[in-house]
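What follows is a short report on a single structure.
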Amino acid sequence: MTDYFALLDEPRRPWLDTIALKQHYLALSSTIHPDKVHTAGENEKDAAARKFAELNVAYNCLGDPKSRILHLLELEAGAKPRDIQQIPKDLADLFVEVAALCNDVDKYLKEKPQNASPLLAVQSFEQSRGWVERLELLNNKLGVLRGQLEDGLKSLDSDWMKSDTAARKNCLPGLERLYRLFGYFNRWNNQIQERIVQLAL
């Protein structure tokens with residue numbers, strides 16, 4: 001398995017400053033960009049393209065907290081965390097809220113008139129706008145909670161950086177929990193964004 005931290009010359013840790021990561025990535029990618037070898041032979045061009053593609057994959061992985069945590073867990077524990085389908089109790093109410101609103105929006109979208117008269121089109125627009133506002137409010141709530149998750153990740157990162165390699169194993173269960181939580185929040189955000197787009201059509 002490729003160590004994306006090593007590939008991007010970043011320390012292997014749970015938290016990374018994404019702005020600094022992007023700057024570092026851009027500096028690295030400019031030195032190995034395939035355009036730098038446009039006069040070279042096909043083998044050299046192919047090698048440059050592969051290396052550039054791998055650097056892009058590494059950047060995308062480390063730039064997202066969930067995929068960064070997963071990659072770190074795979075590197076440190078040697079395996080992916082097992083899948084757990086049960087929503088944590090502290091997120092159960094939020095899960096129900098997201099599911100209920102998405103179901104209501106889906107029902108509205110199914111019943112929404114397509115080729116309506118101008119009057120019905122105005123009413124439909126107003127109703128759609130109301131649904132979008134509710135979805136955006138819920139997404140803002142998710143954003144606040146996601147911020148708390150990021151604070152938890154920073155705190156765990158602080159413990160991680162103080163520890164030696166053996167003691168870092170004690171951080172792995174916390175990392176695994178955060179990996180799952182980021183997964184829920186990413187999924188819910190995607191569901192909400194998908195419906196906002198559908199309502200705009």
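Letters for chains follow the order of the structure tokens (A, B, ...), residue numbers begin at 1 for each chain, and ligand numbers begin at 1 in the order shown.
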**Report entry** Long-range neighbours of range 185-190 of chain A as a list in words, 8 Å cut-off, only C-alpha atoms, 2 positions minimum in chain
**Finding:** Val98, Asn139, Leu142, Arg146, Leu181, Phe182, Gly183, Ile192, Gln193 and Glu194 of chain A
Report task. Within 12 Å of Tyr4 in chain A, counting only C-alpha atoms, which residues show up once you throw out same-chain ones fewer than 6 positions away? Write them as a VMD selection string, please. Result -> chain A and resid 10 to 13 21 25 54 to 63 67 to 72 74 to 75
Query raised in the report: Got a sec: who's within 7 Å of range 28-34 of chain A, counting only C-alpha atoms, leaving out chain neighbours fewer than 2 positions off, as a PyMOL selection string?
Result: chain A and resi 24-26+36-38+45+48-49+52
For the residues in the current selection, export N, CA and C atoms as an mmCIF file, in the first residue's frame.
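This went into out-v8.cif:
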```
data_model
loop_
_atom_site.group_PDB
_atom_site.id
_atom_site.type_symbol
_atom_site.label_atom_id
_atom_site.label_comp_id
_atom_site.auth_asym_id
_atom_site.auth_seq_id
_atom_site.Cartn_x
_atom_site.Cartn_y
_atom_site.Cartn_z
ATOM 1 N N HIS A 24 1.540 22.740 -0.338
ATOM 2 C CA HIS A 24 2.608 21.750 -0.490
ATOM 3 C C HIS A 24 2.349 20.886 -1.729
ATOM 4 N N TYR A 25 1.116 20.480 -1.905
ATOM 5 C CA TYR A 25 0.725 19.674 -3.069
ATOM 6 C C TYR A 25 1.002 20.436 -4.373
ATOM 7 N N LEU A 26 0.598 21.701 -4.429
ATOM 8 C CA LEU A 26 0.797 22.493 -5.638
ATOM 9 C C LEU A 26 2.290 22.647 -5.967
ATOM 10 N N LYS A 36 6.185 18.959 -17.994
ATOM 11 C CA LYS A 36 7.627 19.195 -17.844
ATOM 12 C C LYS A 36 8.448 18.255 -18.733
ATOM 13 N N VAL A 37 7.832 17.139 -19.123
ATOM 14 C CA VAL A 37 8.564 16.145 -19.924
ATOM 15 C C VAL A 37 7.921 15.949 -21.298
ATOM 16 N N HIS A 38 7.300 16.995 -21.813
ATOM 17 C CA HIS A 38 6.565 16.855 -23.082
ATOM 18 C C HIS A 38 7.473 16.500 -24.261
ATOM 19 N N LYS A 45 7.149 9.911 -20.393
ATOM 20 C CA LYS A 45 5.867 10.622 -20.298
ATOM 21 C C LYS A 45 4.848 9.814 -19.495
ATOM 22 N N ALA A 48 5.743 9.912 -15.812
ATOM 23 C CA ALA A 48 5.400 11.218 -15.234
ATOM 24 C C ALA A 48 3.887 11.325 -15.018
ATOM 25 N N ALA A 49 3.110 10.835 -15.984
ATOM 26 C CA ALA A 49 1.650 10.888 -15.858
ATOM 27 C C ALA A 49 1.174 10.028 -14.691
ATOM 28 N N PHE A 52 2.125 11.774 -11.423
ATOM 29 C CA PHE A 52 1.254 12.930 -11.209
ATOM 30 C C PHE A 52 -0.136 12.479 -10.759
#
```
Report task. Point out the residue among A:Leu178, A:Leu135, A:Ile19, A:Ala121 with the least atom-to-atom distance to Asn103 in chain A, counting only C-alpha atoms. Result ->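 The answer is A:Leu135, which sits nearest to Asn103 in chain A.
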Query - For Arg134 in chain A: contacts at 10 Å, only C-alpha atoms, fewer than 5 positions along chain excluded, given as a PyMOL selection string - result: chain A and resi 101+105+128-129+139-140+192+196
Query - Close residues, range 148-152 of chain A itself excluded, 12 Å, only C-alpha atoms, min 5 positions apart in chain, as a PyMOL selection string - result: chain A and resi 14-17+64-66+69+141-143+157-159+171+174-175+177-186
**Report entry** Gap from CA of Gln198 in chain A to CA of Asp106 in chain A - Å, one decimal
**Finding:**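 Pair CA of Gln198 in chain A / CA of Asp106 in chain A returns 9.3 Å.
Closest approach to Ala77 in chain A from the set A:Leu172, A:Val122, A:Ala47, A:Leu201 is made by A:Leu172, with distances taken over only C-alpha atoms.
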Report task. For CA of Asn170 in chain A and CA of Ala6 in chain A, determine how far apart the two atoms are, in Å to one decimal place. Result -> 22.5 Å
